[in-house]
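Structure file model-v2.csv; described as CSV, C-alpha atoms and all ligand atoms.
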```
chain,number,residue,atom,x,y,z
A,111,MET,CA,137.4,29.6,100.3
A,112,ASP,CA,134.3,28.4,98.5
A,113,ASP,CA,132.8,27.3,101.8
A,114,LEU,CA,133.5,30.7,103.4
A,115,ARG,CA,132.0,32.4,100.4
A,116,GLU,CA,128.9,30.2,100.4
A,117,LYS,CA,128.5,30.7,104.2
A,118,TYR,CA,128.7,34.5,104.3
A,119,LEU,CA,126.7,35.1,101.2
A,120,THR,CA,123.8,33.0,102.6
A,121,LEU,CA,124.1,34.7,106.1
A,122,ILE,CA,124.0,38.1,104.5
A,123,LYS,CA,121.1,37.2,102.3
A,124,ASP,CA,119.1,36.1,105.4
A,125,ALA,CA,120.1,39.0,107.7
A,126,GLY,CA,116.9,40.5,109.2
A,127,ASP,CA,118.1,44.0,110.2
A,128,GLU,CA,121.1,46.4,110.2
A,129,SER,CA,122.5,45.3,113.5
A,130,GLY,CA,122.5,41.7,112.5
A,131,LEU,CA,124.3,42.7,109.3
A,132,GLU,CA,126.9,44.7,111.2
A,133,GLU,CA,127.6,41.6,113.3
A,134,LEU,CA,128.2,39.6,110.1
A,135,ARG,CA,130.5,42.3,108.8
A,136,VAL,CA,132.7,42.1,111.9
A,137,GLN,CA,132.6,38.3,111.9
A,138,ALA,CA,133.7,38.1,108.2
A,139,VAL,CA,135.9,41.2,107.3
A,140,GLY,CA,136.4,42.9,110.7
A,141,LYS,CA,139.9,43.1,112.1
A,142,LYS,CA,139.6,39.7,113.6
A,143,GLY,CA,137.1,38.4,111.1
A,144,GLU,CA,137.4,35.0,109.5
A,145,ILE,CA,138.5,36.4,106.1
A,146,SER,CA,140.9,38.8,107.6
A,147,LEU,CA,142.6,36.0,109.6
A,148,LYS,CA,142.9,34.0,106.4
A,149,MET,CA,144.7,37.0,104.8
A,150,ARG,CA,147.2,37.0,107.6
A,151,GLU,CA,148.0,33.4,106.8
A,152,LEU,CA,149.3,34.6,103.4
A,153,GLY,CA,152.6,35.5,105.1
A,154,LYS,CA,153.3,31.9,105.9
A,155,MET,CA,152.7,30.6,102.4
A,156,THR,CA,155.3,30.0,99.7
A,157,PRO,CA,155.4,32.7,97.1
A,158,GLU,CA,153.7,30.4,94.6
A,159,GLU,CA,150.9,29.6,96.9
A,160,ARG,CA,150.5,33.3,97.8
A,161,GLN,CA,150.2,34.3,94.1
A,162,VAL,CA,147.1,32.1,93.8
A,163,ALA,CA,145.6,32.6,97.3
A,164,GLY,CA,146.2,36.4,97.5
A,165,PRO,CA,144.1,37.6,94.6
A,166,ALA,CA,141.4,35.0,95.4
A,167,LEU,CA,141.1,36.2,99.0
A,168,ASN,CA,141.0,39.9,97.9
A,169,ALA,CA,138.3,39.1,95.4
A,170,LEU,CA,136.3,37.2,98.1
A,171,LYS,CA,136.7,40.2,100.5
A,172,ASP,CA,135.4,42.6,97.8
A,173,GLU,CA,132.5,40.3,97.0
A,174,ILE,CA,131.5,40.1,100.7
A,175,ASN,CA,131.8,43.9,101.1
A,176,ALA,CA,129.7,44.4,98.1
A,177,ALA,CA,127.0,42.0,99.3
A,178,LEU,CA,127.0,43.7,102.7
A,179,ALA,CA,126.5,47.1,101.1
A,180,ALA,CA,123.8,45.9,98.8
A,181,LYS,CA,122.0,44.2,101.7
A,182,LYS,CA,122.3,47.4,103.8
A,183,ALA,CA,120.7,49.5,101.1
A,184,ALA,CA,117.9,46.9,100.6
A,185,LEU,CA,117.2,46.9,104.4
A,186,ALA,CA,117.1,50.7,104.5
A,187,ASP,CA,114.7,50.7,101.5
A,188,ALA,CA,112.5,48.2,103.1
A,189,ALA,CA,112.4,50.2,106.4
A,190,LEU,CA,111.4,53.4,104.5
A,191,GLU,CA,108.7,51.5,102.6
A,192,GLU,CA,107.3,50.2,105.8
A,193,ARG,CA,107.3,53.7,107.4
A,194,LEU,CA,105.7,55.3,104.3
A,195,ALA,CA,103.0,52.6,104.4
A,196,SER,CA,102.3,53.1,108.1
A,197,GLU,CA,102.4,56.9,108.1
A,198,TRP,CA,100.3,57.3,105.0
A,199,LEU,CA,97.8,60.1,105.0
A,200,ASP,CA,95.2,61.0,102.4
A,201,VAL,CA,95.3,64.8,102.4
A,202,THR,CA,92.4,64.9,100.0
A,203,LEU,CA,90.0,63.6,102.6
A,204,PRO,CA,87.5,66.3,103.7
A,205,VAL,CA,87.9,67.6,107.3
A,206,ARG,CA,85.3,66.2,109.7
A,207,PRO,CA,84.1,69.3,111.5
A,208,GLN,CA,84.2,68.8,115.3
A,209,ARG,CA,82.8,71.8,117.0
A,210,ARG,CA,84.6,72.3,120.3
A,211,GLY,CA,85.1,76.0,120.6
A,212,SER,CA,83.2,78.5,118.6
A,213,ILE,CA,83.8,82.0,117.3
A,214,HIS,CA,82.2,84.7,119.5
A,215,PRO,CA,79.5,86.7,117.5
A,216,ILE,CA,81.5,90.0,118.2
A,217,SER,CA,84.7,88.4,116.6
A,218,GLN,CA,82.6,87.1,113.7
A,219,THR,CA,81.1,90.5,113.2
A,220,MET,CA,84.5,92.2,113.3
A,221,GLU,CA,85.8,89.8,110.7
A,222,GLU,CA,82.7,90.5,108.5
A,223,ILE,CA,83.2,94.2,108.8
A,224,SER,CA,86.9,93.9,107.9
A,225,ALA,CA,86.2,91.7,104.9
A,226,ILE,CA,83.6,94.2,103.6
A,227,PHE,CA,85.8,97.3,104.0
A,228,ALA,CA,88.9,95.5,102.7
A,229,ASP,CA,87.0,94.9,99.5
A,230,MET,CA,86.5,98.7,99.2
A,231,GLY,CA,90.2,99.4,99.7
A,232,PHE,CA,90.2,100.1,103.4
A,233,SER,CA,92.9,98.8,105.7
A,234,VAL,CA,92.6,98.0,109.4
A,235,ALA,CA,94.3,100.3,111.9
A,236,GLU,CA,94.4,99.6,115.7
A,237,GLY,CA,95.2,101.8,118.7
A,238,GLY,CA,95.6,101.3,122.4
A,239,GLN,CA,92.8,101.0,124.8
A,240,ILE,CA,94.4,103.4,127.2
A,241,GLU,CA,94.7,106.9,125.8
A,242,ASN,CA,95.7,110.3,127.1
A,243,ASP,CA,93.0,112.9,127.0
A,244,TRP,CA,94.7,114.7,124.1
A,245,TYR,CA,94.0,111.9,121.7
A,246,ASN,CA,90.6,110.9,123.2
A,247,PHE,CA,89.3,114.5,123.4
A,248,ASP,CA,91.3,117.6,122.6
A,249,ALA,CA,92.7,116.5,119.2
A,250,LEU,CA,89.1,115.6,118.3
A,251,ASN,CA,88.0,119.1,118.9
A,252,ILE,CA,86.5,118.3,122.3
A,253,PRO,CA,88.2,120.8,124.7
A,254,GLY,CA,88.2,120.5,128.5
A,255,HIS,CA,85.0,122.5,129.0
A,256,HIS,CA,83.0,120.7,126.3
A,257,PRO,CA,79.8,119.1,127.4
A,258,ALA,CA,80.6,116.0,125.3
A,259,ARG,CA,83.3,115.1,127.9
A,260,ALA,CA,80.7,114.9,130.7
A,261,GLU,CA,78.3,112.9,128.5
A,262,MET,CA,80.9,110.3,127.8
A,263,ASP,CA,81.1,108.9,131.4
A,264,THR,CA,84.8,108.5,131.1
A,265,PHE,CA,86.9,106.2,133.2
A,266,TYR,CA,90.0,108.2,134.3
A,267,MET,CA,93.1,106.4,135.3
A,268,HIS,CA,94.5,107.0,138.8
A,269,ARG,CA,97.0,109.7,139.2
A,270,ASP,CA,99.3,110.3,142.1
A,271,ALA,CA,99.0,113.6,143.9
A,272,GLY,CA,101.3,116.1,142.3
A,273,ASP,CA,101.5,114.3,139.0
A,274,ASN,CA,100.7,117.0,136.5
A,275,ARG,CA,101.0,114.9,133.3
A,276,PRO,CA,97.8,114.9,131.1
A,277,PRO,CA,95.5,112.3,132.6
A,278,HIS,CA,95.1,108.9,131.0
A,279,VAL,CA,91.7,107.5,130.2
A,280,LEU,CA,90.2,104.2,129.0
A,281,ARG,CA,89.3,105.4,125.5
A,282,THR,CA,85.6,106.2,125.2
A,283,HIS,CA,85.5,105.7,121.4
A,284,THR,CA,87.7,104.5,118.6
A,285,SER,CA,88.0,108.1,117.1
A,286,PRO,CA,91.5,108.7,118.7
A,287,VAL,CA,92.8,106.0,116.2
A,288,GLN,CA,91.9,108.5,113.4
A,289,ILE,CA,94.3,111.1,115.0
A,290,ARG,CA,97.1,108.6,115.6
A,291,HIS,CA,96.8,107.2,112.1
A,292,MET,CA,96.9,110.5,110.3
A,293,GLU,CA,99.7,111.7,112.5
A,294,ALA,CA,101.8,108.6,111.6
A,295,HIS,CA,100.9,108.2,108.0
A,296,GLY,CA,99.5,111.5,106.7
A,297,ALA,CA,97.1,111.8,103.8
A,298,PRO,CA,95.5,110.3,101.7
A,299,CYS,CA,94.2,107.4,103.8
A,300,ARG,CA,91.4,104.9,104.0
A,301,ILE,CA,91.1,102.9,107.2
A,302,ILE,CA,88.7,101.3,109.6
A,303,CYS,CA,89.6,101.0,113.3
A,304,PRO,CA,87.7,98.2,115.2
A,305,GLY,CA,88.2,97.8,118.9
A,306,ARG,CA,87.1,97.9,122.5
A,307,VAL,CA,85.9,101.1,124.1
A,308,TYR,CA,84.9,101.9,127.7
A,309,ARG,CA,82.2,104.1,129.4
A,310,ALA,CA,80.9,104.0,133.0
A,311,ASP,CA,77.5,102.8,132.2
A,312,TYR,CA,75.5,99.6,132.9
A,313,ASP,CA,72.0,98.5,132.0
A,314,GLN,CA,70.2,96.4,129.4
A,315,THR,CA,71.6,98.4,126.5
A,316,HIS,CA,74.9,99.6,128.0
A,317,THR,CA,78.0,97.7,129.3
A,318,PRO,CA,81.1,99.4,130.6
A,319,MET,CA,83.1,97.8,127.8
A,320,PHE,CA,81.8,97.6,124.3
A,321,HIS,CA,83.0,97.6,120.7
A,322,GLN,CA,83.1,100.2,118.0
A,323,PHE,CA,84.6,100.7,114.6
A,324,GLU,CA,85.7,103.9,113.1
A,325,GLY,CA,85.9,104.7,109.4
A,326,LEU,CA,88.2,107.4,108.0
A,327,CYS,CA,88.7,108.3,104.3
A,328,ILE,CA,90.9,111.4,103.5
A,329,ASP,CA,91.8,112.5,100.0
A,330,LYS,CA,91.6,115.7,97.8
A,331,ASP,CA,88.0,115.5,96.7
A,332,ILE,CA,86.1,113.2,99.1
A,333,SER,CA,82.6,114.4,99.8
A,334,MET,CA,79.4,113.4,101.6
A,335,ALA,CA,78.4,111.6,98.4
A,336,ASN,CA,81.3,109.2,98.9
A,337,LEU,CA,80.3,108.7,102.5
A,338,LYS,CA,76.8,107.8,101.5
A,339,TRP,CA,77.8,105.3,98.9
A,340,THR,CA,80.4,103.7,101.2
A,341,LEU,CA,77.8,103.3,104.0
A,342,GLU,CA,75.2,101.9,101.6
A,343,GLU,CA,77.6,99.3,100.3
A,344,PHE,CA,78.6,98.4,103.8
A,345,VAL,CA,75.0,98.1,105.1
A,346,LYS,CA,73.9,96.0,102.1
A,347,ALA,CA,76.9,93.6,102.4
A,348,PHE,CA,76.7,93.4,106.2
A,349,PHE,CA,72.9,92.7,106.4
A,350,GLU,CA,73.2,90.5,103.2
A,351,VAL,CA,70.4,92.4,101.3
A,352,ASP,CA,70.3,93.7,97.8
A,353,HIS,CA,68.7,97.0,98.6
A,354,VAL,CA,68.4,99.4,101.5
A,355,GLU,CA,67.5,103.0,102.1
A,356,LEU,CA,69.7,105.1,104.3
A,357,ARG,CA,68.4,108.2,106.1
A,358,PHE,CA,70.9,111.0,106.9
A,359,ARG,CA,69.7,113.1,109.8
A,360,ALA,CA,71.5,116.3,110.6
A,361,SER,CA,73.4,116.0,113.9
A,362,HIS,CA,76.3,117.4,115.7
A,363,PHE,CA,79.7,115.9,116.7
A,364,PRO,CA,82.6,118.1,117.6
A,365,PHE,CA,85.0,116.3,115.2
A,366,THR,CA,82.9,116.5,112.1
A,367,GLU,CA,81.2,119.4,110.1
A,368,PRO,CA,78.6,118.8,108.8
A,369,SER,CA,77.6,115.8,110.9
A,370,ALA,CA,74.9,113.3,110.3
A,371,GLU,CA,73.4,110.4,112.1
A,372,VAL,CA,72.5,107.5,109.8
A,373,ASP,CA,69.3,105.4,110.0
A,374,ILE,CA,68.6,102.2,108.0
A,375,GLN,CA,65.3,101.3,106.6
A,376,CYS,CA,63.7,98.3,108.3
A,377,SER,CA,60.5,96.5,109.3
A,378,TRP,CA,59.6,94.8,112.6
A,379,GLU,CA,56.9,92.5,111.4
A,380,GLY,CA,56.0,89.8,113.9
A,381,GLY,CA,58.8,91.0,116.1
A,382,VAL,CA,61.4,90.0,113.5
A,383,LEU,CA,63.7,92.7,112.2
A,384,LYS,CA,64.1,92.9,108.4
A,385,VAL,CA,66.6,95.3,107.1
A,386,GLY,CA,66.0,96.9,103.7
A,387,GLU,CA,62.2,96.7,103.7
A,388,GLY,CA,59.2,98.4,105.5
A,389,ASP,CA,59.0,102.0,106.7
A,390,ASP,CA,60.6,101.9,110.1
A,391,TRP,CA,64.1,103.4,110.8
A,392,LEU,CA,66.9,102.3,113.0
A,393,GLU,CA,69.8,104.5,113.9
A,394,ILE,CA,73.1,102.7,113.5
A,395,LEU,CA,75.9,105.2,113.3
A,396,GLY,CA,77.3,108.8,113.5
A,397,SER,CA,79.3,110.3,110.7
A,398,GLY,CA,80.3,113.5,108.9
A,399,MET,CA,83.0,115.4,107.1
A,400,VAL,CA,86.2,115.5,109.3
A,401,HIS,CA,86.4,118.9,111.0
A,402,PRO,CA,89.3,121.1,109.7
A,403,LYS,CA,90.7,121.4,113.2
A,404,VAL,CA,90.9,117.7,113.6
A,405,LEU,CA,93.0,117.5,110.4
A,406,GLN,CA,95.2,120.3,111.6
A,407,ASN,CA,95.6,118.6,115.0
A,408,SER,CA,96.8,115.5,113.1
A,409,GLY,CA,99.3,117.4,111.0
A,410,ILE,CA,97.3,117.5,107.8
A,411,ASP,CA,96.6,120.7,105.9
A,412,PRO,CA,92.8,121.2,105.7
A,413,ASN,CA,93.2,123.5,102.7
A,414,GLU,CA,94.6,120.6,100.7
A,415,TRP,CA,92.8,117.6,102.2
A,416,GLN,CA,89.3,116.6,103.2
A,417,GLY,CA,87.3,113.5,104.0
A,418,PHE,CA,84.7,111.7,105.9
A,419,ALA,CA,84.6,109.7,109.1
A,420,PHE,CA,82.0,107.6,110.9
A,421,GLY,CA,81.7,105.6,114.1
A,422,VAL,CA,79.5,102.4,114.5
A,423,GLY,CA,78.6,100.4,117.5
A,424,ILE,CA,79.7,96.8,116.7
A,425,ASP,CA,77.7,95.1,119.5
A,426,ARG,CA,74.5,96.8,118.3
A,427,ILE,CA,74.7,95.8,114.7
A,428,ALA,CA,75.7,92.3,115.7
A,429,MET,CA,72.6,92.1,117.9
A,430,LEU,CA,70.5,93.3,115.0
A,431,LYS,CA,71.9,90.9,112.5
A,432,TYR,CA,71.9,87.8,114.7
A,433,GLY,CA,68.8,88.5,116.7
A,434,ILE,CA,70.6,88.7,120.0
A,435,PRO,CA,68.2,90.3,122.5
A,436,ASP,CA,70.4,91.3,125.5
A,437,LEU,CA,73.7,93.1,125.1
A,438,ARG,CA,75.0,91.9,128.5
A,439,ALA,CA,75.0,88.3,127.4
A,440,PHE,CA,77.9,89.0,125.0
A,441,PHE,CA,80.2,89.4,128.0
A,442,ASP,CA,78.8,86.7,130.4
A,443,ALA,CA,81.0,83.9,129.0
A,444,ASP,CA,78.1,81.5,129.3
A,445,LEU,CA,79.0,78.4,127.4
A,446,ARG,CA,75.4,77.5,126.5
A,447,TRP,CA,74.9,80.9,125.0
A,448,LEU,CA,78.2,80.7,123.1
A,449,ARG,CA,77.3,77.3,121.7
A,450,HIS,CA,74.0,78.8,120.5
A,451,TYR,CA,75.2,82.1,119.1
A,452,GLY,CA,78.8,81.2,118.3
A,453,PHE,CA,80.2,80.5,114.8
A,454,ASN,CA,82.1,77.7,113.2
A,455,SER,CA,85.7,78.5,113.3
A,456,LEU,CA,86.3,76.8,109.9
A,457,ASP,CA,83.9,79.2,108.2
A,458,VAL,CA,85.9,82.4,107.7
A,459,PRO,CA,83.6,85.3,106.6
A,460,ALA,CA,84.2,86.2,103.0
A,461,LEU,CA,82.2,88.3,100.5
A,462,HIS,CA,82.1,85.5,97.9
A,463,SER,CA,80.4,83.1,100.4
A,464,GLY,CA,77.9,85.6,101.7
A,465,LEU,CA,79.8,86.5,104.8
A,466,SER,CA,77.9,84.6,107.5
A,467,ARG,CA,76.6,81.6,105.3
B,501,LIG,N1,83.0,108.8,118.3
B,501,LIG,C1,81.5,108.8,118.3
B,501,LIG,C2,80.9,108.2,119.5
B,501,LIG,O1,81.6,107.4,120.1
B,501,LIG,C3,81.0,108.2,117.0
B,501,LIG,C4,81.4,108.9,115.8
B,501,LIG,C5,80.5,109.8,115.3
B,501,LIG,C6,82.6,108.7,115.2
B,501,LIG,C7,80.7,110.5,114.1
B,501,LIG,C8,82.9,109.5,114.0
B,501,LIG,C9,81.9,110.4,113.5
B,501,LIG,O2,84.0,109.3,113.3
B,501,LIG,O3,82.2,111.1,112.4
B,501,LIG,O4,79.9,108.4,119.9
```
Go ahead and express the file in the form of C-alpha cells.
Amino acid sequence: MDDLREKYLTLIKDAGDESGLEELRVQAVGKKGEISLKMRELGKMTPEERQVAGPALNALKDEINAALAAKKAALADAALEERLASEWLDVTLPVRPQRRGSIHPISQTMEEISAIFADMGFSVAEGGQIENDWYNFDALNIPGHHPARAEMDTFYMHRDAGDNRPPHVLRTHTSPVQIRHMEAHGAPCRIICPGRVYRADYDQTHTPMFHQFEGLCIDKDISMANLKWTLEEFVKAFFEVDHVELRFRASHFPFTEPSAEVDIQCSWEGGVLKVGEGDDWLEILGSGMVHPKVLQNSGIDPNEWQGFAFGVGIDRIAMLKYGIPDLRAFFDADLRWLRHYGFNSLDVPALHSGLSR
C-alpha cells in the first residue's frame, strides 16, 4: 500500500496538464483502477485482515482524491496566470493616432454648431428630406401663388397621372422641421434643425444638395433682443473670436415678421478673411420673429406664444471658417481634398477645447 501511495502521489505531483491528471485518476481510483481493484480483494480476506486493510485502503483513496483535486486546482490557477500574463494590456497607454479616414468639414461644422447651441439649451431636431408641399411651403405662409415658390427652384417628385394627393418635394430648406416640431411638441421650445436641403441649381456657389440649419425658440416673452444675443454668442463661438459686430438688415421672409438678414463684421486683408475685425460685412443668415400664421398652422396660439427663427447655410459658414474656396469640392469625394480639409475623428468638437482646436 505504501508503494501505491508513493507511486501515485509522485505521478500526480508531476502531472503536466488536466488530461494527464484525468488519466491518473482513472488509473488509480477509476472503476478498474489499481486502488479500486485492491478494494475488491477485501472480500477474500479474513475478517481480521479486512479490519486493518479496509480503513487503510479507504484512507489511501481519500488521500489520492485529495491530491488529485489539489493538483487540478493548481493546474487551473497556473493556466489562468499564464493567460493573464499573455493577454495583459496597459489601458493607460495613450492612443497612437493613426489617421485613416477623416471627418468631412461639413460633419465637423455640424458637430460644432450642435455643441454651441446645446450649451445655450437648444436640442437638435431632425426631419425628412422628402416633404409634402404643405410643410415645405403652405404651413410656412408660402401659398401656391407666392413668388418665393418659383424662386426656390424646387425639385418636385414624380406623380402618376390622376394622383391628386399633395405633391412631394425634396425639401428646399430646413424650415419645415419648425412646423413638424411645434406640431408634435407644442410650446415652449428651443431647437436647431441641421440637415440636407435641395434646389435645382448648379454653379460655383450653388449645388443641388447643400446643408442648412434652422433655429427656433418659442416662449411667452421672446423678442428680437434674444435673437440678437443668441446669434452673437453663436458667431463668436463658431468663429472662435472674442468680439464681433452683427448688422441686422430689414428683409422679408413669408414665415417671419419682422424679418432681418444678418451680416457679420469682417476684413479681407491680403485675401484672408478675419471675422470680428475691419469694416466689411458678410451676409450669413436670415431670421426674424415667427409669423403668427406659422404658429397657428403648427397648432400654437399666437396670442399666447411668440419667438424667433433663423436659417443658416452650413456649407457657406464652413467655407468661411476653414478657407475652402469652392463649394462643389465638398461633394466631389476626392480623397486628396478630404485628407487636406478633413478632421481627426478623435478630436470631438467641444466648447472647452475651442471647438476646432
Ligand atoms: N428658409 C430660409 C431659406 O432657406 C432661411 C430662413 C430665413 C429661415 C429666415 C428662417 C428665417 O427660419 O427666419 O432661405
Closest atom pairs, chain A residues within 9 Å of ligand LIG 501 (chain B), all atoms listed in the file, as CSV:
```
residue,atom,partner,partner_atom,distance
A:Met262,CA,B:LIG501,O4,8.2
A:Thr282,CA,B:LIG501,O1,6.6
A:His283,CA,B:LIG501,O1,4.4
A:Thr284,CA,B:LIG501,N1,6.4
A:Ser285,CA,B:LIG501,N1,5.2
A:Pro286,CA,B:LIG501,N1,8.5
A:Gln288,CA,B:LIG501,O2,7.9
A:Val307,CA,B:LIG501,O1,8.6
A:Gln322,CA,B:LIG501,O1,7.6
A:Phe323,CA,B:LIG501,C6,8.3
A:Glu324,CA,B:LIG501,O2,5.7
A:Gly325,CA,B:LIG501,O2,6.3
A:Leu326,CA,B:LIG501,O2,7.0
A:His362,CA,B:LIG501,C7,8.3
A:Phe363,CA,B:LIG501,C7,6.1
A:Pro364,CA,B:LIG501,C7,8.6
A:Phe365,CA,B:LIG501,O3,6.5
A:Thr366,CA,B:LIG501,O3,5.5
A:Glu367,CA,B:LIG501,O3,8.7
A:Ser369,CA,B:LIG501,O3,6.7
A:Ala370,CA,B:LIG501,C7,7.5
A:Glu371,CA,B:LIG501,C7,7.6
A:Leu395,CA,B:LIG501,C5,6.8
A:Gly396,CA,B:LIG501,C5,3.8
A:Ser397,CA,B:LIG501,O3,3.5
A:Gly398,CA,B:LIG501,O3,4.6
A:Met399,CA,B:LIG501,O3,6.9
A:Val400,CA,B:LIG501,O3,6.7
A:His401,CA,B:LIG501,O3,9.0
A:Phe418,CA,B:LIG501,O3,7.0
A:Ala419,CA,B:LIG501,O2,4.3
A:Phe420,CA,B:LIG501,O2,3.6
A:Gly421,CA,B:LIG501,C6,3.4
A:Val422,CA,B:LIG501,C3,6.5
A:Gly423,CA,B:LIG501,O1,8.0
```
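Considering all atoms listed in the file, the residue among A:Gly231, A:Gly417, A:Gly254, A:Pro368 positioned nearest to Pro277 in chain A is A:Gly254.
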Legend entry - Shell around Cys376 in chain A at 6 Å using only C-alpha atoms, local window under 3 positions removed, as a list in words: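 Returned residues: Lys384, Val385, Gly386, Glu387, Gly388, Asp390 and Trp391 of chain A.
Our summary of the geometry notes that CA of Pro304 in chain A is positioned 11.4 Å from CA of Glu222 in chain A.
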Near-Ala235 in chain A list (7 Å; only C-alpha atoms; drop same-chain fewer than 6 positions) as a PDB file with C-alpha atoms, in the coordinates of the input:
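Wrote around02.pdb, looks like this:
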```
ATOM      1  CA  ILE A 301      91.100 102.900 107.200  1.00  0.00           C
ATOM      2  CA  ILE A 302      88.700 101.300 109.600  1.00  0.00           C
ATOM      3  CA  CYS A 303      89.600 101.000 113.300  1.00  0.00           C
TER       4      CYS A 303
END
```
Legend entry - Residue neighbourhood Val372 in chain A, 9 Å, all atoms listed in the file, exclusion window fewer than 4 positions, as number ranges by chain: A: 341, 356-360, 392-397
Same residues, C-alpha atoms, output as an mmCIF file, in the frame of the given file:
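selection_2.cif written:
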```cif
data_model
loop_
_atom_site.group_PDB
_atom_site.id
_atom_site.type_symbol
_atom_site.label_atom_id
_atom_site.label_comp_id
_atom_site.auth_asym_id
_atom_site.auth_seq_id
_atom_site.Cartn_x
_atom_site.Cartn_y
_atom_site.Cartn_z
ATOM 1 C CA LEU A 341 77.800 103.300 104.000
ATOM 2 C CA LEU A 356 69.700 105.100 104.300
ATOM 3 C CA ARG A 357 68.400 108.200 106.100
ATOM 4 C CA PHE A 358 70.900 111.000 106.900
ATOM 5 C CA ARG A 359 69.700 113.100 109.800
ATOM 6 C CA ALA A 360 71.500 116.300 110.600
ATOM 7 C CA LEU A 392 66.900 102.300 113.000
ATOM 8 C CA GLU A 393 69.800 104.500 113.900
ATOM 9 C CA ILE A 394 73.100 102.700 113.500
ATOM 10 C CA LEU A 395 75.900 105.200 113.300
ATOM 11 C CA GLY A 396 77.300 108.800 113.500
ATOM 12 C CA SER A 397 79.300 110.300 110.700
#
```
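Using all atoms listed in the file, the nearest neighbour of His462 in chain A within the list A:Gln239, A:Ile226, A:Ala258, A:Phe349 is A:Ile226.
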Inset, instruction - For CA of Asn168 in chain A and CA of Ala183 in chain A, determine how far apart the two atoms are, in Å to one decimal place. - result: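 Between CA of Asn168 in chain A and CA of Ala183 in chain A the gap works out to 22.7 Å.
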